[in-house]
$ cat query-v4.cif   # mmCIF, C-alpha atoms
data_input
loop_
_atom_site.label_atom_id
_atom_site.label_comp_id
_atom_site.auth_asym_id
_atom_site.auth_seq_id
_atom_site.Cartn_x
_atom_site.Cartn_y
_atom_site.Cartn_z
CA MET A 27 -144.75 -18.86 -96.68
CA THR A 28 -143.33 -21.64 -98.83
CA ASP A 29 -145.61 -23.82 -100.96
CA PHE A 30 -144.26 -27.20 -99.83
CA PHE A 31 -147.32 -27.98 -97.68
CA ALA A 32 -149.78 -26.16 -99.93
CA GLY A 33 -153.31 -27.49 -99.54
CA ILE A 34 -152.66 -29.27 -96.23
CA PRO A 35 -154.99 -27.89 -93.53
CA GLN A 36 -154.11 -27.25 -89.91
CA ILE A 37 -154.65 -30.44 -87.95
CA ARG A 38 -157.37 -30.15 -85.31
CA TYR A 39 -158.99 -32.53 -82.85
CA GLU A 40 -162.25 -33.98 -84.18
CA GLY A 41 -162.73 -37.00 -81.89
CA GLU A 42 -162.81 -40.75 -82.36
CA GLY A 43 -165.73 -40.67 -84.75
CA SER A 44 -163.90 -38.59 -87.35
CA SER A 45 -162.98 -40.15 -90.69
CA ASN A 46 -160.89 -37.12 -91.70
CA GLU A 47 -157.29 -38.28 -92.02
CA PHE A 48 -156.14 -34.67 -91.53
CA ALA A 49 -157.53 -34.55 -87.99
CA PHE A 50 -156.66 -35.88 -84.55
CA ARG A 51 -158.96 -38.57 -83.22
CA HIS A 52 -157.31 -38.95 -79.79
CA TYR A 53 -154.89 -36.06 -79.32
CA ASN A 54 -156.84 -33.19 -77.79
CA PRO A 55 -154.24 -30.76 -76.40
CA ASP A 56 -156.70 -29.16 -74.00
CA GLU A 57 -158.18 -32.36 -72.54
CA VAL A 58 -157.37 -32.53 -68.82
CA ILE A 59 -155.93 -35.84 -67.64
CA LEU A 60 -154.93 -36.34 -64.01
CA GLY A 61 -155.12 -32.60 -63.46
CA LYS A 62 -152.93 -31.59 -66.42
CA ARG A 63 -153.59 -30.74 -70.06
CA MET A 64 -152.76 -33.51 -72.51
CA GLU A 65 -150.31 -31.23 -74.34
CA GLU A 66 -148.44 -30.68 -71.08
CA HIS A 67 -148.32 -34.42 -70.36
CA LEU A 68 -146.98 -35.42 -73.77
CA ARG A 69 -144.88 -32.40 -74.76
CA PHE A 70 -144.49 -33.52 -78.37
CA ALA A 71 -141.41 -32.56 -80.36
CA VAL A 72 -140.55 -32.95 -84.05
CA ALA A 73 -137.05 -34.21 -84.88
CA TRP A 74 -135.39 -31.88 -87.39
CA TRP A 75 -132.98 -34.58 -88.62
CA HIS A 76 -135.51 -37.20 -89.66
CA SER A 77 -138.26 -34.87 -90.84
CA PHE A 78 -136.24 -32.31 -92.80
CA ALA A 79 -132.64 -33.49 -93.19
CA TRP A 80 -132.95 -37.22 -93.87
CA PRO A 81 -132.64 -38.03 -97.61
CA GLY A 82 -134.52 -41.33 -97.53
CA GLY A 83 -131.62 -43.77 -97.49
CA ASP A 84 -131.19 -47.09 -95.73
CA PRO A 85 -128.24 -49.49 -95.20
CA PHE A 86 -128.69 -50.80 -98.75
CA GLY A 87 -129.63 -47.76 -100.81
CA GLY A 88 -129.25 -44.01 -101.01
CA GLN A 89 -131.45 -40.96 -101.39
CA THR A 90 -135.07 -41.30 -102.45
CA PHE A 91 -136.37 -37.90 -101.29
CA ASP A 92 -135.95 -34.79 -103.43
CA ARG A 93 -136.65 -31.84 -101.17
CA PRO A 94 -136.34 -28.25 -102.43
CA TRP A 95 -134.12 -27.32 -99.47
CA PHE A 96 -131.53 -30.08 -99.92
CA GLY A 97 -128.10 -28.56 -100.45
CA ASP A 98 -125.19 -26.99 -98.60
CA THR A 99 -125.93 -23.26 -98.63
CA LEU A 100 -127.26 -21.00 -95.92
CA ASP A 101 -130.14 -19.90 -98.13
CA LEU A 102 -131.30 -23.51 -98.45
CA ALA A 103 -130.85 -24.04 -94.70
CA LYS A 104 -133.09 -21.04 -94.10
CA LEU A 105 -135.69 -22.42 -96.51
CA LYS A 106 -135.57 -25.70 -94.58
CA ALA A 107 -136.22 -23.80 -91.35
CA ASP A 108 -139.15 -21.95 -92.90
CA VAL A 109 -140.69 -25.23 -94.10
CA ALA A 110 -140.11 -26.78 -90.67
CA PHE A 111 -142.03 -24.06 -88.87
CA GLU A 112 -144.86 -24.32 -91.36
CA MET A 113 -145.21 -28.00 -90.43
CA PHE A 114 -144.92 -27.23 -86.72
CA ASP A 115 -147.83 -24.82 -87.10
CA ILE A 116 -149.89 -27.31 -89.13
CA LEU A 117 -149.46 -29.90 -86.37
CA GLY A 118 -149.64 -27.49 -83.44
CA ALA A 119 -146.38 -29.09 -82.28
CA PRO A 120 -145.21 -27.52 -79.02
CA PHE A 121 -141.51 -28.40 -79.51
CA PHE A 122 -138.76 -29.36 -81.94
CA CYS A 123 -135.25 -30.85 -81.55
CA PHE A 124 -132.10 -30.51 -83.66
CA HIS A 125 -128.46 -31.46 -84.21
CA ASP A 126 -126.17 -28.70 -85.43
CA ALA A 127 -125.54 -30.58 -88.71
CA ASP A 128 -129.31 -30.71 -89.35
CA ILE A 129 -129.80 -26.98 -89.39
CA ARG A 130 -126.58 -25.49 -90.82
CA PRO A 131 -124.30 -26.35 -93.76
CA GLU A 132 -120.88 -27.79 -92.96
CA GLY A 133 -118.12 -25.23 -93.39
CA ALA A 134 -114.60 -25.77 -94.74
CA THR A 135 -113.28 -24.98 -91.24
CA PHE A 136 -114.61 -25.12 -87.69
CA ALA A 137 -114.84 -21.32 -87.68
CA GLU A 138 -117.00 -21.34 -90.82
CA SER A 139 -119.30 -24.02 -89.41
CA LYS A 140 -119.61 -21.97 -86.22
CA ARG A 141 -120.57 -18.85 -88.20
CA ASN A 142 -123.10 -20.85 -90.21
CA LEU A 143 -124.65 -22.20 -87.02
CA GLU A 144 -124.90 -18.76 -85.46
CA GLU A 145 -126.57 -17.30 -88.56
CA ILE A 146 -129.14 -20.09 -88.89
CA VAL A 147 -129.87 -19.97 -85.14
CA ASP A 148 -130.76 -16.30 -85.56
CA HIS A 149 -133.05 -17.23 -88.45
CA ILE A 150 -134.73 -19.97 -86.40
CA GLY A 151 -135.14 -17.50 -83.57
CA THR A 152 -137.00 -15.18 -85.92
CA ASN A 153 -139.30 -18.06 -86.93
CA MET A 154 -139.95 -18.83 -83.27
CA GLU A 155 -141.18 -15.29 -82.64
CA GLY A 156 -144.24 -16.00 -84.77
CA SER A 157 -144.83 -19.57 -83.61
CA LYS A 158 -145.92 -21.37 -80.46
CA THR A 159 -143.26 -24.03 -81.05
CA LYS A 160 -140.29 -24.02 -78.69
CA LEU A 161 -137.04 -25.95 -78.46
CA LEU A 162 -137.17 -29.13 -76.40
CA TRP A 163 -133.48 -29.84 -76.83
CA GLY A 164 -130.45 -29.30 -78.99
CA THR A 165 -127.48 -31.56 -79.54
CA ALA A 166 -124.31 -31.94 -81.60
CA ASN A 167 -123.78 -34.43 -84.41
CA LEU A 168 -120.50 -36.07 -83.39
CA PHE A 169 -120.90 -39.24 -85.45
CA SER A 170 -121.65 -38.60 -89.15
CA HIS A 171 -118.45 -36.92 -90.38
CA ARG A 172 -115.48 -39.18 -91.07
CA ARG A 173 -113.44 -37.37 -88.40
CA PHE A 174 -115.64 -39.13 -85.81
CA MET A 175 -115.10 -42.65 -87.15
CA SER A 176 -113.24 -43.55 -83.93
CA GLY A 177 -115.48 -41.59 -81.62
CA ALA A 178 -115.58 -38.04 -80.32
CA ALA A 179 -114.89 -37.82 -76.57
CA THR A 180 -113.33 -41.31 -76.72
CA ASN A 181 -111.24 -40.70 -79.85
CA PRO A 182 -107.54 -41.63 -79.63
CA ASP A 183 -106.70 -38.32 -81.39
CA PRO A 184 -106.71 -35.35 -78.96
CA ASP A 185 -107.53 -32.99 -81.85
CA VAL A 186 -110.83 -34.79 -82.43
CA PHE A 187 -111.60 -34.47 -78.71
CA ALA A 188 -110.87 -30.73 -78.99
CA TRP A 189 -113.04 -30.33 -82.10
CA SER A 190 -115.85 -32.21 -80.38
CA ALA A 191 -115.63 -30.15 -77.20
CA ALA A 192 -115.68 -26.90 -79.19
CA THR A 193 -118.67 -28.17 -81.20
CA VAL A 194 -120.62 -29.04 -78.07
CA LYS A 195 -119.91 -25.61 -76.62
CA GLY A 196 -121.34 -23.96 -79.73
CA CYS A 197 -124.41 -26.20 -79.66
CA MET A 198 -125.00 -25.49 -75.98
CA ASP A 199 -124.77 -21.77 -76.72
CA ALA A 200 -127.28 -22.20 -79.56
CA THR A 201 -129.63 -24.24 -77.35
CA MET A 202 -129.55 -21.64 -74.62
CA LYS A 203 -130.08 -18.78 -77.09
CA LEU A 204 -133.18 -20.50 -78.46
CA GLY A 205 -134.55 -21.16 -74.97
CA GLY A 206 -134.05 -24.93 -75.06
CA ALA A 207 -135.36 -26.94 -72.13
CA ASN A 208 -132.60 -29.57 -72.33
CA TYR A 209 -129.27 -30.39 -73.97
CA VAL A 210 -128.64 -33.97 -75.15
CA LEU A 211 -125.44 -35.91 -75.70
CA TRP A 212 -125.69 -39.00 -77.86
CA GLY A 213 -122.37 -40.81 -78.23
CA GLY A 214 -123.13 -42.31 -81.61
CA ARG A 215 -119.60 -43.65 -82.02
CA GLU A 216 -118.50 -43.68 -78.39
CA GLY A 217 -117.55 -47.33 -78.34
CA TYR A 218 -115.13 -49.75 -79.95
CA GLU A 219 -115.02 -52.44 -82.58
CA THR A 220 -112.01 -54.44 -81.35
CA LEU A 221 -109.99 -54.56 -78.15
CA LEU A 222 -106.82 -55.03 -80.20
CA ASN A 223 -106.49 -51.27 -80.65
CA THR A 224 -108.54 -49.98 -77.69
CA ASP A 225 -107.50 -48.57 -74.30
CA LEU A 226 -110.74 -48.94 -72.33
CA THR A 227 -109.53 -47.07 -69.26
CA ARG A 228 -108.30 -44.03 -71.19
CA GLU A 229 -111.43 -43.82 -73.35
CA ALA A 230 -113.76 -44.01 -70.35
CA GLU A 231 -111.77 -41.42 -68.40
CA ASN A 232 -111.72 -39.04 -71.36
CA ALA A 233 -115.48 -39.47 -71.85
CA GLY A 234 -116.04 -38.80 -68.15
CA ARG A 235 -113.90 -35.66 -68.24
CA PHE A 236 -115.73 -34.49 -71.37
CA LEU A 237 -119.09 -34.77 -69.63
CA GLN A 238 -117.75 -33.01 -66.54
CA MET A 239 -116.71 -30.12 -68.80
CA VAL A 240 -120.21 -30.01 -70.28
CA VAL A 241 -121.77 -29.81 -66.82
CA ASP A 242 -119.27 -27.14 -65.74
CA TYR A 243 -120.08 -25.07 -68.82
CA LYS A 244 -123.81 -25.43 -68.19
CA HIS A 245 -123.38 -23.82 -64.79
CA LYS A 246 -120.93 -21.20 -66.08
CA ILE A 247 -123.38 -19.85 -68.66
CA GLY A 248 -126.40 -20.21 -66.39
CA PHE A 249 -128.23 -22.76 -68.55
CA GLN A 250 -131.31 -23.78 -66.57
CA GLY A 251 -132.16 -26.82 -68.68
CA THR A 252 -131.29 -30.46 -68.06
CA ILE A 253 -128.23 -32.25 -69.46
CA LEU A 254 -129.33 -35.57 -70.93
CA ILE A 255 -127.49 -38.66 -72.20
CA GLU A 256 -129.20 -40.93 -74.71
CA PRO A 257 -128.28 -44.63 -74.29
CA LYS A 258 -127.84 -46.78 -77.37
CA PRO A 259 -126.37 -50.28 -77.79
CA GLN A 260 -124.40 -51.92 -80.58
CA GLU A 261 -125.23 -49.62 -83.47
CA PRO A 262 -123.01 -48.29 -84.95
CA SER A 263 -120.13 -49.43 -82.76
CA LYS A 264 -120.06 -53.10 -81.79
CA HIS A 265 -119.57 -52.23 -78.11
CA GLN A 266 -121.16 -48.92 -77.10
CA TYR A 267 -120.14 -47.35 -73.79
CA ASP A 268 -123.69 -45.97 -73.41
CA TYR A 269 -125.37 -49.36 -73.92
CA ASP A 270 -128.46 -48.96 -71.71
CA VAL A 271 -129.81 -47.20 -68.62
CA ALA A 272 -127.89 -49.34 -66.15
CA THR A 273 -124.61 -48.90 -68.03
CA VAL A 274 -124.98 -45.13 -68.25
CA TYR A 275 -125.90 -44.88 -64.58
CA GLY A 276 -122.72 -46.75 -63.67
CA PHE A 277 -120.77 -44.30 -65.83
CA LEU A 278 -122.40 -41.30 -64.14
CA LYS A 279 -121.68 -42.71 -60.68
CA ARG A 280 -118.06 -43.37 -61.63
CA PHE A 281 -117.52 -39.71 -62.49
CA GLY A 282 -119.77 -38.16 -59.82
CA LEU A 283 -122.39 -36.92 -62.27
CA GLU A 284 -125.49 -38.87 -61.22
CA LYS A 285 -127.03 -35.73 -59.67
CA GLU A 286 -126.24 -33.57 -62.70
CA VAL A 287 -127.26 -35.64 -65.72
CA LYS A 288 -130.47 -37.46 -66.64
CA LEU A 289 -131.35 -39.71 -69.57
CA ASN A 290 -133.20 -39.36 -72.86
CA ILE A 291 -134.49 -42.88 -73.49
CA GLU A 292 -135.49 -44.13 -76.94
CA GLN A 293 -137.91 -46.97 -77.56
CA GLY A 294 -135.88 -48.36 -80.45
CA HIS A 295 -132.65 -48.30 -78.49
CA ALA A 296 -134.25 -50.14 -75.58
CA ILE A 297 -135.27 -52.93 -77.95
CA LEU A 298 -131.77 -53.14 -79.46
CA ALA A 299 -130.40 -53.54 -75.92
CA GLY A 300 -132.64 -56.55 -75.35
CA HIS A 301 -134.97 -54.66 -73.01
CA SER A 302 -138.50 -53.32 -73.22
CA PHE A 303 -139.08 -49.58 -73.36
CA GLU A 304 -141.01 -49.66 -70.09
CA HIS A 305 -138.14 -51.50 -68.37
CA GLU A 306 -135.68 -48.76 -69.27
CA LEU A 307 -138.11 -46.05 -68.19
CA ALA A 308 -138.91 -47.74 -64.89
CA LEU A 309 -135.23 -48.33 -64.13
CA ALA A 310 -134.30 -44.74 -64.92
CA ALA A 311 -137.13 -43.50 -62.71
CA SER A 312 -136.04 -45.73 -59.83
CA LEU A 313 -132.51 -44.33 -60.16
CA GLY A 314 -133.74 -40.73 -60.33
CA ILE A 315 -132.41 -40.10 -63.85
CA LEU A 316 -135.51 -40.21 -66.09
CA GLY A 317 -135.50 -37.05 -68.16
CA SER A 318 -137.07 -37.33 -71.61
CA ILE A 319 -137.96 -39.85 -74.32
CA ASP A 320 -137.47 -40.43 -78.03
CA MET A 321 -140.61 -42.06 -79.36
CA ASN A 322 -140.46 -44.49 -82.28
CA ARG A 323 -140.60 -48.20 -82.93
CA ASN A 324 -138.36 -50.81 -84.49
CA ASP A 325 -139.23 -53.48 -86.98
CA TYR A 326 -138.75 -56.50 -84.75
CA GLN A 327 -137.75 -58.59 -87.75
CA SER A 328 -134.88 -56.29 -88.72
CA GLY A 329 -131.50 -56.08 -87.06
CA TRP A 330 -131.07 -52.33 -86.97
CA ASP A 331 -132.70 -49.19 -85.61
CA THR A 332 -135.51 -48.59 -88.13
CA ASP A 333 -136.97 -45.50 -86.39
CA GLN A 334 -140.57 -45.97 -87.49
CA PHE A 335 -143.45 -43.91 -86.15
CA PRO A 336 -145.35 -45.60 -83.29
CA HIS A 337 -148.68 -47.20 -84.09
CA ASN A 338 -149.15 -49.75 -81.29
CA HIS A 339 -150.95 -47.97 -78.48
CA PRO A 340 -151.02 -50.93 -76.02
CA GLU A 341 -147.22 -51.09 -76.25
CA MET A 342 -146.88 -47.33 -75.75
CA ALA A 343 -149.37 -47.38 -72.85
CA LEU A 344 -146.88 -49.46 -70.85
CA ALA A 345 -144.32 -46.71 -71.37
CA TYR A 346 -146.61 -43.84 -70.43
CA TYR A 347 -147.77 -45.69 -67.34
CA GLU A 348 -144.18 -45.70 -66.08
CA ILE A 349 -143.83 -42.02 -66.93
CA LEU A 350 -147.01 -41.23 -64.97
CA ARG A 351 -145.75 -43.32 -62.02
CA ALA A 352 -142.55 -41.26 -62.10
CA GLY A 353 -144.51 -38.01 -61.84
CA GLY A 354 -144.49 -37.11 -65.53
CA PHE A 355 -142.08 -34.97 -67.50
CA THR A 356 -140.51 -31.83 -66.10
CA THR A 357 -138.12 -30.41 -68.73
CA GLY A 358 -138.42 -33.50 -70.95
CA GLY A 359 -141.01 -34.57 -73.49
CA THR A 360 -141.92 -36.95 -76.31
CA ASN A 361 -139.62 -36.40 -79.28
CA PHE A 362 -140.52 -38.24 -82.48
CA ASP A 363 -137.11 -39.63 -83.36
CA ALA A 364 -138.91 -41.32 -86.23
CA LYS A 365 -138.75 -41.14 -89.98
CA ILE A 366 -141.23 -41.88 -92.73
CA ARG A 367 -140.45 -44.81 -95.01
CA ARG A 368 -138.18 -44.10 -97.98
CA GLN A 369 -141.09 -44.83 -100.34
CA SER A 370 -143.28 -42.18 -98.64
CA LEU A 371 -142.36 -39.29 -100.91
CA ASP A 372 -145.21 -36.80 -100.50
CA PRO A 373 -145.50 -33.85 -98.10
CA GLU A 374 -148.77 -35.35 -96.88
CA ASP A 375 -146.89 -38.48 -95.79
CA LEU A 376 -144.65 -36.43 -93.52
CA VAL A 377 -147.57 -34.63 -91.88
CA LEU A 378 -149.77 -37.71 -91.50
CA ALA A 379 -146.97 -39.76 -89.98
CA HIS A 380 -146.84 -37.25 -87.15
CA VAL A 381 -150.63 -37.14 -86.88
CA GLY A 382 -150.70 -40.91 -86.46
CA GLY A 383 -147.84 -40.90 -83.99
CA MET A 384 -149.40 -38.16 -81.89
CA ASP A 385 -152.76 -39.95 -81.86
CA THR A 386 -151.12 -43.25 -80.88
CA CYS A 387 -149.33 -41.63 -77.97
CA ALA A 388 -152.45 -39.76 -76.87
CA ARG A 389 -154.51 -42.96 -76.94
CA ALA A 390 -151.78 -44.71 -74.95
CA LEU A 391 -151.61 -41.90 -72.40
CA LYS A 392 -155.37 -42.00 -71.86
CA ALA A 393 -155.32 -45.76 -71.30
CA ALA A 394 -152.38 -45.53 -68.90
CA ALA A 395 -154.04 -42.68 -67.01
CA ARG A 396 -157.27 -44.61 -66.58
CA LEU A 397 -155.46 -47.54 -65.01
CA TYR A 398 -153.27 -45.28 -62.90
CA GLU A 399 -156.30 -43.37 -61.63
CA ASP A 400 -158.19 -46.61 -60.93
CA GLY A 401 -155.39 -47.66 -58.60
CA SER A 402 -155.96 -51.42 -58.89
CA LEU A 403 -152.53 -52.21 -60.27
CA GLU A 404 -150.73 -50.12 -57.66
CA ALA A 405 -152.85 -51.70 -54.92
CA ALA A 406 -151.85 -55.17 -56.12
CA ARG A 407 -148.21 -54.12 -56.21
CA ALA A 408 -148.41 -52.72 -52.69
CA ALA A 409 -150.12 -55.87 -51.42
CA ARG A 410 -147.35 -58.04 -52.84
CA TYR A 411 -144.72 -56.17 -50.81
CA ALA A 412 -146.88 -55.44 -47.75
CA GLY A 413 -144.78 -57.74 -45.57
CA TRP A 414 -141.88 -55.34 -45.86
CA GLU A 415 -143.91 -52.60 -44.15
CA THR A 416 -144.03 -54.51 -40.85
CA PRO A 417 -141.76 -53.50 -37.95
CA GLU A 418 -140.15 -56.96 -38.00
CA ALA A 419 -139.11 -56.67 -41.65
CA GLN A 420 -137.78 -53.16 -41.22
CA ALA A 421 -135.81 -54.22 -38.16
CA MET A 422 -134.36 -57.15 -40.09
CA LEU A 423 -132.84 -54.79 -42.66
CA ALA A 424 -131.01 -53.02 -39.86
CA SER A 425 -129.75 -56.25 -38.24
CA SER A 426 -127.03 -58.79 -39.07
CA LEU A 427 -126.90 -62.26 -40.61
CA GLU A 428 -126.37 -63.76 -37.14
CA GLU A 429 -129.45 -62.03 -35.73
CA ILE A 430 -131.56 -63.08 -38.72
CA GLU A 431 -130.45 -66.71 -38.34
CA ALA A 432 -131.35 -66.65 -34.66
CA ARG A 433 -134.83 -65.34 -35.45
CA VAL A 434 -135.43 -67.95 -38.18
CA LEU A 435 -134.48 -70.70 -35.74
CA ALA A 436 -136.45 -69.27 -32.81
CA GLU A 437 -139.63 -68.66 -34.78
CA GLY A 438 -139.40 -71.71 -36.99
CA ILE A 439 -139.76 -69.62 -40.12
CA ASN A 440 -140.55 -71.88 -43.10
CA PRO A 441 -142.03 -69.76 -45.93
CA GLU A 442 -144.22 -71.11 -48.72
CA PRO A 443 -144.16 -69.58 -52.24
CA ARG A 444 -146.80 -66.96 -53.03
CA SER A 445 -148.34 -66.37 -56.45
CA GLY A 446 -147.14 -63.38 -58.44
CA ARG A 447 -150.59 -63.23 -60.09
CA GLN A 448 -149.09 -62.15 -63.41
CA GLU A 449 -151.90 -63.36 -65.64
CA ARG A 450 -154.55 -61.74 -63.45
CA LEU A 451 -152.70 -58.43 -63.69
CA GLU A 452 -152.31 -58.77 -67.44
CA ASN A 453 -156.08 -59.27 -67.65
CA LEU A 454 -156.54 -56.16 -65.53
CA TRP A 455 -154.24 -54.21 -67.83
CA ASN A 456 -156.18 -55.28 -70.91
CA ARG A 457 -159.43 -54.01 -69.40
CA PHE A 458 -158.06 -50.48 -69.65
CA VAL A 459 -156.06 -50.67 -72.88
#

$ encode --input "query-v4.cif" --output "structure tokens"
Amino acid sequence: MTDFFAGIPQIRYEGEGSSNEFAFRHYNPDEVILGKRMEEHLRFAVAWWHSFAWPGGDPFGGQTFDRPWFGDTLDLAKLKADVAFEMFDILGAPFFCFHDADIRPEGATFAESKRNLEEIVDHIGTNMEGSKTKLLWGTANLFSHRRFMSGAATNPDPDVFAWSAATVKGCMDATMKLGGANYVLWGGREGYETLLNTDLTREAENAGRFLQMVVDYKHKIGFQGTILIEPKPQEPSKHQYDYDVATVYGFLKRFGLEKEVKLNIEQGHAILAGHSFEHELALAASLGILGSIDMNRNDYQSGWDTDQFPHNHPEMALAYYEILRAGGFTTGGTNFDAKIRRQSLDPEDLVLAHVGGMDTCARALKAAARLYEDGSLEAARAARYAGWETPEAQAMLASSLEEIEARVLAEGINPEPRSGRQERLENLWNRFV
């Protein structure tokens, strides 16, 4: 045991009446909702990068955190892992997520970085033997190092493509060894800043081939998890190839991967794309590619991805309603891709941020489940489209423009607008939230 979280008790459910800040008021892992335990609905994960690797910087200032494990040695990386599992146990977190650069020191060569990753993966595996916490997903950091300034799979330099492919292979091996349920690709710099030096066709084709290789390797090694892509617009590249759900789906269709790859959708990224979180989730579900989510929030007055912990349960309820409508998570879950504020220096701040986030999501899930179980919203939706269930409407979809025109003329069809009843449905929603 380390002493970083000394004096912080294990967080337990005490109910809404509790005034204990080191307790859950809404998150009760064993509470059954719609036939499934709350823990199994939400499948919470802690993000290694924000919780243990982030130094507390922002676009205008550097490090504010001084953690005892900060450094570039394997011994410090192992200490970081030990601290991480202590927090997982305090929270009762069922999962964690990582990038390779979060858990191992960078080596002077690729071979050294690979050895470092393999050694720290073994150490994490030992920690997992004494913990309930499992790996939700692993991924590769292909954006922080200066070698990735022009992208990874889309880089004009074939050597960077090769380095990136080899890195992903190692991270997939690590994810499989640790029993990960998914593997994520986030193209943090897969985009361009100016067309003056960009070959769009070549970059897209190389990115498509890269992803095909990833899928091929998944099947070769027998990885049973899901391959996920995480959409993100604008930041850091001006034009990201993975802008939003619709853009990524078009990419997957182009390269024949829509049956092989699903999406990890982040709340903050949806907002940066000019969408709502629930829009992106609903669209992904309708396309059959909803896999997992990164839970956070943005400061709507700032122009970048602030990755704050969620605290607005009515907003999150809209998201969980769409997840329930889609049948819930299978291999995916709720990863807190969220970081405490750079002024929040204490170990207690890190724990309590997760407590608040988990409670917010649990409260949102309960509200969404109540409305979903009530059925009023779905009944109103079905009533709005009921005309399409008639034999005449179904036959029309199988006919031609000429046949439809003939029917309109023969029957004197002259439709009047019908109310969408939006405000009434918003009032219904607020009864449950």

$ resolve_selection --input "query-v4.cif" --expression "the PyMOL selection byres ((chain A and resi 69) around 12)" --output "ChimeraX atom specification"
/A:53,55,62-68,70-72,118-123,159-163,207,318-321,354-362,384,387-388,391

$ write_last_selection --input "query-v4.cif" --atoms "C-alpha atoms" --output "PDB file, in the coordinates of the input"
ATOM      1  CA  TYR A  53    -154.890 -36.060 -79.320  1.00  0.00           C
ATOM      2  CA  PRO A  55    -154.240 -30.760 -76.400  1.00  0.00           C
ATOM      3  CA  LYS A  62    -152.930 -31.590 -66.420  1.00  0.00           C
ATOM      4  CA  ARG A  63    -153.590 -30.740 -70.060  1.00  0.00           C
ATOM      5  CA  MET A  64    -152.760 -33.510 -72.510  1.00  0.00           C
ATOM      6  CA  GLU A  65    -150.310 -31.230 -74.340  1.00  0.00           C
ATOM      7  CA  GLU A  66    -148.440 -30.680 -71.080  1.00  0.00           C
ATOM      8  CA  HIS A  67    -148.320 -34.420 -70.360  1.00  0.00           C
ATOM      9  CA  LEU A  68    -146.980 -35.420 -73.770  1.00  0.00           C
ATOM     10  CA  PHE A  70    -144.490 -33.520 -78.370  1.00  0.00           C
ATOM     11  CA  ALA A  71    -141.410 -32.560 -80.360  1.00  0.00           C
ATOM     12  CA  VAL A  72    -140.550 -32.950 -84.050  1.00  0.00           C
ATOM     13  CA  GLY A 118    -149.640 -27.490 -83.440  1.00  0.00           C
ATOM     14  CA  ALA A 119    -146.380 -29.090 -82.280  1.00  0.00           C
ATOM     15  CA  PRO A 120    -145.210 -27.520 -79.020  1.00  0.00           C
ATOM     16  CA  PHE A 121    -141.510 -28.400 -79.510  1.00  0.00           C
ATOM     17  CA  PHE A 122    -138.760 -29.360 -81.940  1.00  0.00           C
ATOM     18  CA  CYS A 123    -135.250 -30.850 -81.550  1.00  0.00           C
ATOM     19  CA  THR A 159    -143.260 -24.030 -81.050  1.00  0.00           C
ATOM     20  CA  LYS A 160    -140.290 -24.020 -78.690  1.00  0.00           C
ATOM     21  CA  LEU A 161    -137.040 -25.950 -78.460  1.00  0.00           C
ATOM     22  CA  LEU A 162    -137.170 -29.130 -76.400  1.00  0.00           C
ATOM     23  CA  TRP A 163    -133.480 -29.840 -76.830  1.00  0.00           C
ATOM     24  CA  ALA A 207    -135.360 -26.940 -72.130  1.00  0.00           C
ATOM     25  CA  SER A 318    -137.070 -37.330 -71.610  1.00  0.00           C
ATOM     26  CA  ILE A 319    -137.960 -39.850 -74.320  1.00  0.00           C
ATOM     27  CA  ASP A 320    -137.470 -40.430 -78.030  1.00  0.00           C
ATOM     28  CA  MET A 321    -140.610 -42.060 -79.360  1.00  0.00           C
ATOM     29  CA  GLY A 354    -144.490 -37.110 -65.530  1.00  0.00           C
ATOM     30  CA  PHE A 355    -142.080 -34.970 -67.500  1.00  0.00           C
ATOM     31  CA  THR A 356    -140.510 -31.830 -66.100  1.00  0.00           C
ATOM     32  CA  THR A 357    -138.120 -30.410 -68.730  1.00  0.00           C
ATOM     33  CA  GLY A 358    -138.420 -33.500 -70.950  1.00  0.00           C
ATOM     34  CA  GLY A 359    -141.010 -34.570 -73.490  1.00  0.00           C
ATOM     35  CA  THR A 360    -141.920 -36.950 -76.310  1.00  0.00           C
ATOM     36  CA  ASN A 361    -139.620 -36.400 -79.280  1.00  0.00           C
ATOM     37  CA  PHE A 362    -140.520 -38.240 -82.480  1.00  0.00           C
ATOM     38  CA  MET A 384    -149.400 -38.160 -81.890  1.00  0.00           C
ATOM     39  CA  CYS A 387    -149.330 -41.630 -77.970  1.00  0.00           C
ATOM     40  CA  ALA A 388    -152.450 -39.760 -76.870  1.00  0.00           C
ATOM     41  CA  LEU A 391    -151.610 -41.900 -72.400  1.00  0.00           C
TER      42      LEU A 391
END

$ closest_atom_pairs --input "query-v4.cif" --of "segment 39-148 of chain A" --to "segment 164-169 of chain A" --cutoff "7 Å" --atoms "all atoms listed in the file" --output "CSV"
residue,atom,partner,partner_atom,distance
A:Cys123,CA,A:Gly164,CA,5.7
A:Phe124,CA,A:Gly164,CA,5.1
A:His125,CA,A:Thr165,CA,4.8
A:Asp126,CA,A:Ala166,CA,5.4
A:Ala127,CA,A:Asn167,CA,6.0

$ closest_residue --input "query-v4.cif" --among "A:Glu261, A:Glu138, A:Glu374, A:Glu399" --to "Tyr347 of chain A" --atoms "only C-alpha atoms"
A:Glu399

$ atom_distance --input "query-v4.cif" --atom1 "atom CA of Glu145 of chain A" --atom2 "atom CA of Ser157 of chain A"
19.1 Å

$ atom_distance --input "query-v4.cif" --atom1 "atom CA of Glu219 of chain A" --atom2 "atom CA of Ser263 of chain A"
5.9 Å

$ residues_near_point --input "query-v4.cif" --point "(-149.1, -33.9, -91.2)" --cutoff "8 Å" --atoms "all atoms listed in the file" --output "list of chain:residue names"
A:Ile34, A:Ile37, A:Phe48, A:Met113, A:Ile116, A:Leu117, A:Pro373, A:Glu374, A:Asp375, A:Leu376, A:Val377, A:Leu378, A:Ala379, A:His380, A:Val381
